[in-house]
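Next comes run00.pdb, a file with PDB, C-alpha atoms, pLDDT in the B column.
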ATOM      1  CA  MET A   1     110.861 106.456  77.426  1.00 88.00           C
ATOM      2  CA  ILE A   2     107.729 105.591  75.523  1.00 92.00           C
ATOM      3  CA  PRO A   3     104.366 106.020  77.274  1.00 90.00           C
ATOM      4  CA  PHE A   4     101.964 103.146  76.586  1.00 90.00           C
ATOM      5  CA  LEU A   5      99.222 103.523  79.227  1.00 86.00           C
ATOM      6  CA  TYR A   6      97.553 106.718  80.427  1.00 84.00           C
ATOM      7  CA  SER A   7      95.370 107.209  83.463  1.00 76.00           C
ATOM      8  CA  SER A   8      92.626 109.797  83.598  1.00 70.00           C
ATOM      9  CA  GLY A   9      94.449 111.109  86.673  1.00 76.00           C
ATOM     10  CA  GLY A  10      97.286 112.332  84.471  1.00 80.00           C
ATOM     11  CA  ASP A  11      99.858 109.663  85.125  1.00 86.00           C
ATOM     12  CA  TYR A  12     101.543 107.341  82.645  1.00 88.00           C
ATOM     13  CA  TYR A  13     103.100 103.923  82.446  1.00 88.00           C
ATOM     14  CA  CYS A  14     106.185 104.081  80.245  1.00 92.00           C
ATOM     15  CA  VAL A  15     108.750 101.637  78.991  1.00 93.00           C
ATOM     16  CA  ARG A  16     112.381 102.678  78.969  1.00 92.00           C
ATOM     17  CA  THR A  17     114.213 102.177  75.691  1.00 92.00           C
ATOM     18  CA  LEU A  18     117.850 102.065  76.769  1.00 92.00           C
ATOM     19  CA  SER A  19     119.984  99.177  75.562  1.00 91.00           C
ATOM     20  CA  ASP A  20     120.549  98.044  79.163  1.00 92.00           C
ATOM     21  CA  ASP A  21     117.195  99.109  80.639  1.00 91.00           C
ATOM     22  CA  GLN A  22     113.754  98.230  79.279  1.00 93.00           C
ATOM     23  CA  SER A  23     112.007  98.574  82.629  1.00 92.00           C
ATOM     24  CA  VAL A  24     108.420  99.709  82.964  1.00 92.00           C
ATOM     25  CA  VAL A  25     107.964 102.793  85.113  1.00 90.00           C
ATOM     26  CA  TRP A  26     104.952 104.596  86.521  1.00 87.00           C
ATOM     27  CA  THR A  27     105.146 108.381  86.296  1.00 86.00           C
ATOM     28  CA  PRO A  28     102.557 110.153  88.426  1.00 82.00           C
ATOM     29  CA  LYS A  29     102.080 113.903  88.314  1.00 73.00           C
ATOM     30  CA  ASP A  30     104.892 114.525  90.810  1.00 73.00           C
ATOM     31  CA  ASP A  31     107.466 113.513  88.151  1.00 72.00           C
ATOM     32  CA  VAL A  32     108.894 110.714  90.278  1.00 79.00           C
ATOM     33  CA  LEU A  33     109.630 107.500  88.405  1.00 84.00           C
ATOM     34  CA  TYR A  34     108.541 104.288  90.122  1.00 86.00           C
ATOM     35  CA  ILE A  35     110.042 101.130  88.643  1.00 89.00           C
ATOM     36  CA  ILE A  36     107.270  98.561  88.325  1.00 90.00           C
ATOM     37  CA  CYS A  37     109.116  95.721  86.625  1.00 91.00           C
ATOM     38  CA  LYS A  38     112.108  94.938  84.456  1.00 91.00           C
ATOM     39  CA  ASN A  39     110.350  94.648  81.083  1.00 93.00           C
ATOM     40  CA  ILE A  40     107.062  94.910  79.202  1.00 92.00           C
ATOM     41  CA  LYS A  41     106.526  91.138  79.321  1.00 94.00           C
ATOM     42  CA  ASP A  42     106.491  91.196  83.132  1.00 94.00           C
ATOM     43  CA  CYS A  43     104.154  94.188  83.025  1.00 92.00           C
ATOM     44  CA  ILE A  44     101.645  92.214  80.955  1.00 94.00           C
ATOM     45  CA  LEU A  45     101.975  89.269  83.346  1.00 95.00           C
ATOM     46  CA  ILE A  46     101.376  91.590  86.324  1.00 95.00           C
ATOM     47  CA  VAL A  47      98.257  93.102  84.740  1.00 94.00           C
ATOM     48  CA  THR A  48      96.958  89.635  83.877  1.00 96.00           C
ATOM     49  CA  GLU A  49      97.553  88.406  87.423  1.00 97.00           C
ATOM     50  CA  CYS A  50      95.841  91.504  88.852  1.00 96.00           C
ATOM     51  CA  TYR A  51      92.719  90.647  86.874  1.00 96.00           C
ATOM     52  CA  LYS A  52      92.898  86.966  87.850  1.00 97.00           C
ATOM     53  CA  GLN A  53      93.138  87.828  91.563  1.00 97.00           C
ATOM     54  CA  ASN A  54      90.547  90.637  91.318  1.00 96.00           C
ATOM     55  CA  ALA A  55      92.982  93.411  92.168  1.00 96.00           C
ATOM     56  CA  TYR A  56      91.431  95.099  89.120  1.00 95.00           C
ATOM     57  CA  PHE A  57      87.657  94.926  88.913  1.00 95.00           C
ATOM     58  CA  LEU A  58      84.576  96.779  87.720  1.00 94.00           C
ATOM     59  CA  ASP A  59      82.444  98.588  90.291  1.00 93.00           C
ATOM     60  CA  GLU A  60      78.656  98.831  90.208  1.00 95.00           C
ATOM     61  CA  TYR A  61      78.903 101.639  87.607  1.00 95.00           C
ATOM     62  CA  ARG A  62      81.215  99.516  85.415  1.00 93.00           C
ATOM     63  CA  ASP A  63      84.190 101.764  86.201  1.00 90.00           C
ATOM     64  CA  LEU A  64      87.572 100.097  86.614  1.00 89.00           C
ATOM     65  CA  GLU A  65      88.673 100.006  90.238  1.00 91.00           C
ATOM     66  CA  CYS A  66      91.798  98.753  91.980  1.00 92.00           C
ATOM     67  CA  ASN A  67      92.619  97.044  95.246  1.00 95.00           C
ATOM     68  CA  TYR A  68      95.985  98.806  95.655  1.00 90.00           C
ATOM     69  CA  ASP A  69      97.247  96.577  98.468  1.00 93.00           C
ATOM     70  CA  LEU A  70      96.667  93.438  96.419  1.00 96.00           C
ATOM     71  CA  GLU A  71      98.114  95.079  93.314  1.00 93.00           C
ATOM     72  CA  GLU A  72     101.269  95.941  95.240  1.00 91.00           C
ATOM     73  CA  LYS A  73     101.640  92.367  96.503  1.00 94.00           C
ATOM     74  CA  ILE A  74     101.370  91.093  92.934  1.00 96.00           C
ATOM     75  CA  ILE A  75     103.956  93.614  91.713  1.00 92.00           C
ATOM     76  CA  VAL A  76     106.363  92.589  94.481  1.00 92.00           C
ATOM     77  CA  ASN A  77     105.879  88.944  93.496  1.00 93.00           C
ATOM     78  CA  PHE A  78     107.228  89.787  90.023  1.00 90.00           C
ATOM     79  CA  ASN A  79     109.743  92.387  91.228  1.00 89.00           C
ATOM     80  CA  PRO A  80     111.109  91.521  94.693  1.00 88.00           C
ATOM     81  CA  ASN A  81     113.279  94.676  94.572  1.00 85.00           C
ATOM     82  CA  TYR A  82     110.247  96.979  94.132  1.00 83.00           C
ATOM     83  CA  TYR A  83     110.546  98.681  97.543  1.00 81.00           C
ATOM     84  CA  TYR A  84     114.322  99.043  97.378  1.00 76.00           C
ATOM     85  CA  GLN A  85     114.365 100.375  93.779  1.00 77.00           C
ATOM     86  CA  ASN A  86     111.774 103.012  94.621  1.00 77.00           C
ATOM     87  CA  SER A  87     113.038 103.947  98.100  1.00 76.00           C
ATOM     88  CA  LEU A  88     109.737 102.805  99.607  1.00 66.00           C
ATOM     89  CA  ASN A  89     109.045 101.127 102.900  1.00 65.00           C
ATOM     90  CA  SER A  90     107.643  97.624 102.748  1.00 59.00           C
ATOM     91  CA  LYS A  91     104.122  97.250 104.109  1.00 57.00           C
ATOM     92  CA  GLU A  92     105.055  93.923 105.677  1.00 52.00           C
TER      93      GLU A  92
END

Do you think you could lay out the structure here as structure tokens?
Amino acid sequence: MIPFLYSSGGDYYCVRTLSDDQSVVWTPKDDVLYIICKNIKDCILIVTECYKQNAYFLDEYRDLECNYDLEEKIIVNFNPNYYYQNSLNSKE
């Protein structure tokens, strides 16, 4: 895997480099891999959509903030298997 985004909280977004798997995964400190989407192109589309819908925004101090519920809905729109792949319960 190749990390391409780093959070100040110590977690990374990485892209897998296997011939049959180029998925983007989020790796928080607990070393669990959460599959975000199937490829880097979808990741860029997700980030773009998060900005368009204001899931990502600047607070009054100009720090980047996130509406996690909206972000998750956008991710699921691009990756309908998100909950299943990550053994998570749907919030719906």

Explicit residues for the PyMOL selection byres ((chain A and resi 47) around 12) (as a list in words): Leu5, Ile36, Cys37, Ile40, Lys41, Asp42, Cys43, Ile44, Leu45, Ile46, Thr48, Glu49, Cys50, Tyr51, Lys52, Gln53, Asn54, Ala55, Tyr56, Phe57, Cys66, Leu70, Glu71, Glu72, Ile74, Ile75 and Phe78 of chain A

Output check: residues returned by the PyMOL selection byres ((chain A and resi 27) around 12), as a PDB file with C-alpha atoms, in the frame of the given file:
ATOM      1  CA  MET A   1     110.861 106.456  77.426  1.00 88.00           C
ATOM      2  CA  ILE A   2     107.729 105.591  75.523  1.00 92.00           C
ATOM      3  CA  PRO A   3     104.366 106.020  77.274  1.00 90.00           C
ATOM      4  CA  PHE A   4     101.964 103.146  76.586  1.00 90.00           C
ATOM      5  CA  LEU A   5      99.222 103.523  79.227  1.00 86.00           C
ATOM      6  CA  TYR A   6      97.553 106.718  80.427  1.00 84.00           C
ATOM      7  CA  SER A   7      95.370 107.209  83.463  1.00 76.00           C
ATOM      8  CA  GLY A   9      94.449 111.109  86.673  1.00 76.00           C
ATOM      9  CA  GLY A  10      97.286 112.332  84.471  1.00 80.00           C
ATOM     10  CA  ASP A  11      99.858 109.663  85.125  1.00 86.00           C
ATOM     11  CA  TYR A  12     101.543 107.341  82.645  1.00 88.00           C
ATOM     12  CA  TYR A  13     103.100 103.923  82.446  1.00 88.00           C
ATOM     13  CA  CYS A  14     106.185 104.081  80.245  1.00 92.00           C
ATOM     14  CA  VAL A  15     108.750 101.637  78.991  1.00 93.00           C
ATOM     15  CA  ARG A  16     112.381 102.678  78.969  1.00 92.00           C
ATOM     16  CA  VAL A  24     108.420  99.709  82.964  1.00 92.00           C
ATOM     17  CA  VAL A  25     107.964 102.793  85.113  1.00 90.00           C
ATOM     18  CA  TRP A  26     104.952 104.596  86.521  1.00 87.00           C
ATOM     19  CA  PRO A  28     102.557 110.153  88.426  1.00 82.00           C
ATOM     20  CA  LYS A  29     102.080 113.903  88.314  1.00 73.00           C
ATOM     21  CA  ASP A  30     104.892 114.525  90.810  1.00 73.00           C
ATOM     22  CA  ASP A  31     107.466 113.513  88.151  1.00 72.00           C
ATOM     23  CA  VAL A  32     108.894 110.714  90.278  1.00 79.00           C
ATOM     24  CA  LEU A  33     109.630 107.500  88.405  1.00 84.00           C
ATOM     25  CA  TYR A  34     108.541 104.288  90.122  1.00 86.00           C
ATOM     26  CA  ILE A  35     110.042 101.130  88.643  1.00 89.00           C
ATOM     27  CA  ILE A  36     107.270  98.561  88.325  1.00 90.00           C
ATOM     28  CA  ASN A  86     111.774 103.012  94.621  1.00 77.00           C
TER      29      ASN A  86
END

For CA of Gln85 in chain A and CA of Ser19 in chain A, the interatomic separation in Å (one decimal): 19.1 Å

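Comparing A:Thr17, A:Glu65, A:Leu58, A:Lys73 by their smallest distance to Lys38 in chain A, the closest is A:Thr17 (using all atoms listed in the file).
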
Length of the CA of Tyr68 in chain A to CA of Asn39 in chain A vector [Å]: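 Distance between the two atoms: 20.9 Å.
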
One-decimal distance in Å that lies between CA of Gln22 in chain A and CA of Asn67 in chain A: 26.5 Å

Reconstructed range 56-78 of chain A, atom set N, CA and C atoms, as a compact mmCIF listing (two decimals), keeping the file's coordinate frame:
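So selection37.txt came out as:
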# COMPACT_ATOMS: atom_id res chain seq x y z
N TYR A 56 92.12 94.20 90.04
CA TYR A 56 91.43 95.10 89.12
C TYR A 56 90.04 94.54 88.90
N PHE A 57 89.03 95.39 89.03
CA PHE A 57 87.66 94.93 88.91
C PHE A 57 86.75 96.10 88.52
N LEU A 58 85.57 95.76 88.07
CA LEU A 58 84.58 96.78 87.72
C LEU A 58 83.64 97.00 88.90
N ASP A 59 83.38 98.28 89.21
CA ASP A 59 82.44 98.59 90.29
C ASP A 59 81.01 98.53 89.77
N GLU A 60 80.06 98.93 90.59
CA GLU A 60 78.66 98.83 90.21
C GLU A 60 78.29 99.73 89.03
N TYR A 61 79.13 100.73 88.75
CA TYR A 61 78.90 101.64 87.61
C TYR A 61 79.72 101.23 86.37
N ARG A 62 80.38 100.06 86.48
CA ARG A 62 81.22 99.52 85.42
C ARG A 62 82.49 100.35 85.19
N ASP A 63 82.92 101.05 86.23
CA ASP A 63 84.19 101.76 86.20
C ASP A 63 85.28 100.84 86.74
N LEU A 64 86.45 100.93 86.16
CA LEU A 64 87.57 100.10 86.61
C LEU A 64 88.07 100.60 87.96
N GLU A 65 88.18 99.70 88.90
CA GLU A 65 88.67 100.01 90.24
C GLU A 65 89.88 99.14 90.55
N CYS A 66 90.58 99.48 91.62
CA CYS A 66 91.80 98.75 91.98
C CYS A 66 91.88 98.55 93.49
N ASN A 67 92.25 97.34 93.88
CA ASN A 67 92.62 97.04 95.25
C ASN A 67 94.14 97.25 95.28
N TYR A 68 94.57 98.42 95.75
CA TYR A 68 95.98 98.81 95.66
C TYR A 68 96.90 97.92 96.50
N ASP A 69 96.41 97.46 97.64
CA ASP A 69 97.25 96.58 98.47
C ASP A 69 97.52 95.26 97.75
N LEU A 70 96.49 94.69 97.15
CA LEU A 70 96.67 93.44 96.42
C LEU A 70 97.52 93.65 95.17
N GLU A 71 97.30 94.76 94.49
CA GLU A 71 98.11 95.08 93.31
C GLU A 71 99.59 95.15 93.69
N GLU A 72 99.88 95.81 94.80
CA GLU A 72 101.27 95.94 95.24
C GLU A 72 101.89 94.58 95.56
N LYS A 73 101.14 93.71 96.20
CA LYS A 73 101.64 92.37 96.50
C LYS A 73 101.97 91.61 95.22
N ILE A 74 101.13 91.76 94.21
CA ILE A 74 101.37 91.09 92.93
C ILE A 74 102.61 91.67 92.26
N ILE A 75 102.76 92.98 92.30
CA ILE A 75 103.96 93.61 91.71
C ILE A 75 105.22 93.10 92.40
N VAL A 76 105.19 93.04 93.72
CA VAL A 76 106.36 92.59 94.48
C VAL A 76 106.67 91.13 94.17
N ASN A 77 105.65 90.34 93.88
CA ASN A 77 105.88 88.94 93.50
C ASN A 77 106.71 88.86 92.21
N PHE A 78 106.48 89.77 91.28
CA PHE A 78 107.23 89.79 90.02
C PHE A 78 108.53 90.58 90.15
